[in-house]
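Have a look at the structure below, then the notes.
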Amino acid sequence: MFKTAKRIINFKTLFIIFIYIFIKSDKKNFTTYEIKEESMATSLLEGDYVIAIKNSNEINRGDILIFNNLEKNIDVVKRVIGLPRESIKSENGVVSINNDSTLDVWGKSLTDNFTSQTLGDNEVFVLGDQRKISTSDSRTLGPISLENCWKVKYRYWPIYRIKSYE
């Protein structure tokens, strides 16, 4: 029984070392990231670890992105709500895209009102799933350029919450 426990602990340790050494490099097209905020709960919880790939221009509504908030110089993780060349706004808690209300299945609370914003060719509109506690999203930062975004592909830690985001 103790040998089995040692093997699991050793496997877990080797797995973490592998992820750190081989994936953490900035020269690759993928990176790891630790979730440090609660704005994406229940999809991503504080303390979860994810693997993200450099944006490959295949962004869809509902994808989760990591980008740098230049005002605070921190990385944040948010969900794509508006796609390039769309117009997005929120009135009375309802998000509208191109003047059509959308079924916002990701929002865990009502979205505060914000005025209409038209996105450019290489921009997206992002929000956290927990709209009341979410900061550093497009309501305050404006549209996010896709050039420096990372698309979350996998949650690999904790091991019982492994998930693919395809």
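Starting from 1 in every chain, residues are counted up; chains themselves are A, B, ... following the order of the structure tokens, and ligands are numbered from 1 as listed.
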
So which residues touch A:Lys54 within 6 Å, counting only C-alpha atoms, skipping near sequence neighbours fewer than 2 positions away, as a list of chain:residue names?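 Surrounding residues, per the criterion: A:Asn29, A:Phe30, A:Trp150.
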
Output for the residues just chosen: C-alpha atoms as a PDB file, in the first residue's frame:
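After the write, selection-v9.pdb holds the following:
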ATOM      1  CA  ASN A  29       3.406  28.814 -28.666  1.00  0.00           C
ATOM      2  CA  PHE A  30       1.896  27.666 -25.377  1.00  0.00           C
ATOM      3  CA  TRP A 150      -3.578  33.281 -25.122  1.00  0.00           C
TER       4      TRP A 150
END

Name the residues of chain A that come out as strand (DSSP E or B) in a backbone DSSP run; write them as a PyMOL selection string. chain A and resi 30-34+49-54+64-69+74-82+87-91+94-97+100-101+114-118+123-127+144-145+150-157+163-164

Just checking: using only C-alpha atoms, which residue out of A:Arg161, A:Arg131, A:Arg155, A:Arg85 ends up closest to A:Pro143?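 So, comparing all the options, the nearest one is A:Arg85.
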
If we count only C-alpha atoms, what is near stretch 114-129 of chain A at a cut-off of 7 Å, once residues fewer than 6 positions away on the same chain are taken out, given as a list in words?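 Returned residues: Ser39, Met40, Ala41, Lys78, Arg79, Val80, Ile81, Gly82, Leu83, Pro84, Arg85, Glu86, Ser87, Ile88, Lys89, Ser90, Glu91, Trp106, Gly107, Lys108, Asp137, Ser138, Arg139, Pro143, Ile144, Ser145 and Leu146 of chain A.
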
Name the residues of stretch 9-150 of chain A that come out as helix (DSSP H, G or I) in a backbone DSSP run; write them as a ChimeraX atom specification. /A:9-23,138-141,146-148

C-alpha atoms of the current selection, written as a compact mmCIF listing (two decimals), in the first residue's frame:
# COMPACT_ATOMS: atom_id res chain seq x y z
CA ILE A 9 3.23 11.07 -5.24
CA ASN A 10 6.25 10.53 -7.51
CA PHE A 11 4.08 10.61 -10.63
CA LYS A 12 2.42 13.83 -9.47
CA THR A 13 5.80 15.42 -8.72
CA LEU A 14 7.26 14.37 -12.08
CA PHE A 15 4.15 15.65 -13.85
CA ILE A 16 4.48 19.09 -12.24
CA ILE A 17 8.20 19.25 -13.01
CA PHE A 18 7.51 18.28 -16.64
CA ILE A 19 4.88 20.98 -17.02
CA TYR A 20 7.14 23.61 -15.46
CA ILE A 21 10.31 22.82 -17.42
CA PHE A 22 8.90 22.07 -20.85
CA ILE A 23 5.90 24.37 -21.06
CA SER A 138 -13.96 45.07 -21.63
CA ARG A 139 -16.44 47.14 -19.63
CA THR A 140 -13.50 49.02 -18.13
CA LEU A 141 -10.62 48.28 -20.54
CA LEU A 146 -6.17 39.53 -30.17
CA GLU A 147 -2.46 40.01 -30.88
CA ASN A 148 -1.33 39.34 -27.31

For atom CA of A:Asp48 and atom CA of A:Leu65, determine how far apart the two atoms are, in Å to one decimal place. 14.7 Å

Contact residues around A:Ile35 with only C-alpha atoms at 7 Å, ignoring same-chain residues under 2 positions, as a VMD selection string: chain A and resid 33 37 45 to 49

Could those selected residues go to a file with N, CA and C atoms, as a PDB file, in the first residue's frame?
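See out.pdb below for the written result:
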ATOM      1  N   TYR A  33      -0.602  28.772 -16.833  1.00  0.00           N
ATOM      2  CA  TYR A  33      -1.095  29.930 -16.093  1.00  0.00           C
ATOM      3  C   TYR A  33      -1.858  29.435 -14.870  1.00  0.00           C
ATOM      4  N   GLU A  37      -7.883  34.566  -9.620  1.00  0.00           N
ATOM      5  CA  GLU A  37      -9.045  35.379  -9.292  1.00  0.00           C
ATOM      6  C   GLU A  37     -10.308  34.531  -9.378  1.00  0.00           C
ATOM      7  N   LEU A  45     -11.507  27.965 -11.203  1.00  0.00           N
ATOM      8  CA  LEU A  45     -11.457  28.390  -9.808  1.00  0.00           C
ATOM      9  C   LEU A  45     -10.066  28.881  -9.452  1.00  0.00           C
ATOM     10  N   GLU A  46      -9.994  29.728  -8.444  1.00  0.00           N
ATOM     11  CA  GLU A  46      -8.705  30.194  -7.952  1.00  0.00           C
ATOM     12  C   GLU A  46      -7.857  28.988  -7.561  1.00  0.00           C
ATOM     13  N   GLY A  47      -6.625  28.921  -8.064  1.00  0.00           N
ATOM     14  CA  GLY A  47      -5.740  27.797  -7.791  1.00  0.00           C
ATOM     15  C   GLY A  47      -5.710  26.755  -8.894  1.00  0.00           C
ATOM     16  N   ASP A  48      -6.613  26.855  -9.873  1.00  0.00           N
ATOM     17  CA  ASP A  48      -6.555  25.963 -11.034  1.00  0.00           C
ATOM     18  C   ASP A  48      -5.358  26.344 -11.894  1.00  0.00           C
ATOM     19  N   TYR A  49      -4.803  25.371 -12.593  1.00  0.00           N
ATOM     20  CA  TYR A  49      -3.716  25.619 -13.542  1.00  0.00           C
ATOM     21  C   TYR A  49      -4.190  25.224 -14.924  1.00  0.00           C
TER      22      TYR A  49
END

Atom CA of A:Ser164 to atom CA of A:Ile133, distance in Å rounded to a single decimal: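 Distance reported for this atom pair: 25.3 Å.
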
Non-local contacts of A:Tyr154 (10 Å; only C-alpha atoms; under 4 positions in same chain excluded) as an NGL selection string: :A and (32 or 49-53 or 162-166)

Nearest candidate to A:Lys36 (options A:Thr102, A:Glu58, A:Val77, A:Phe67; using only C-alpha atoms): A:Val77

Which one is closest to A:Asn113: A:Lys132, A:Asn60, A:Asn98, A:Asn92? Count only C-alpha atoms.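 When distances to A:Asn113 are compared using only C-alpha atoms, the smallest one comes from A:Asn92.
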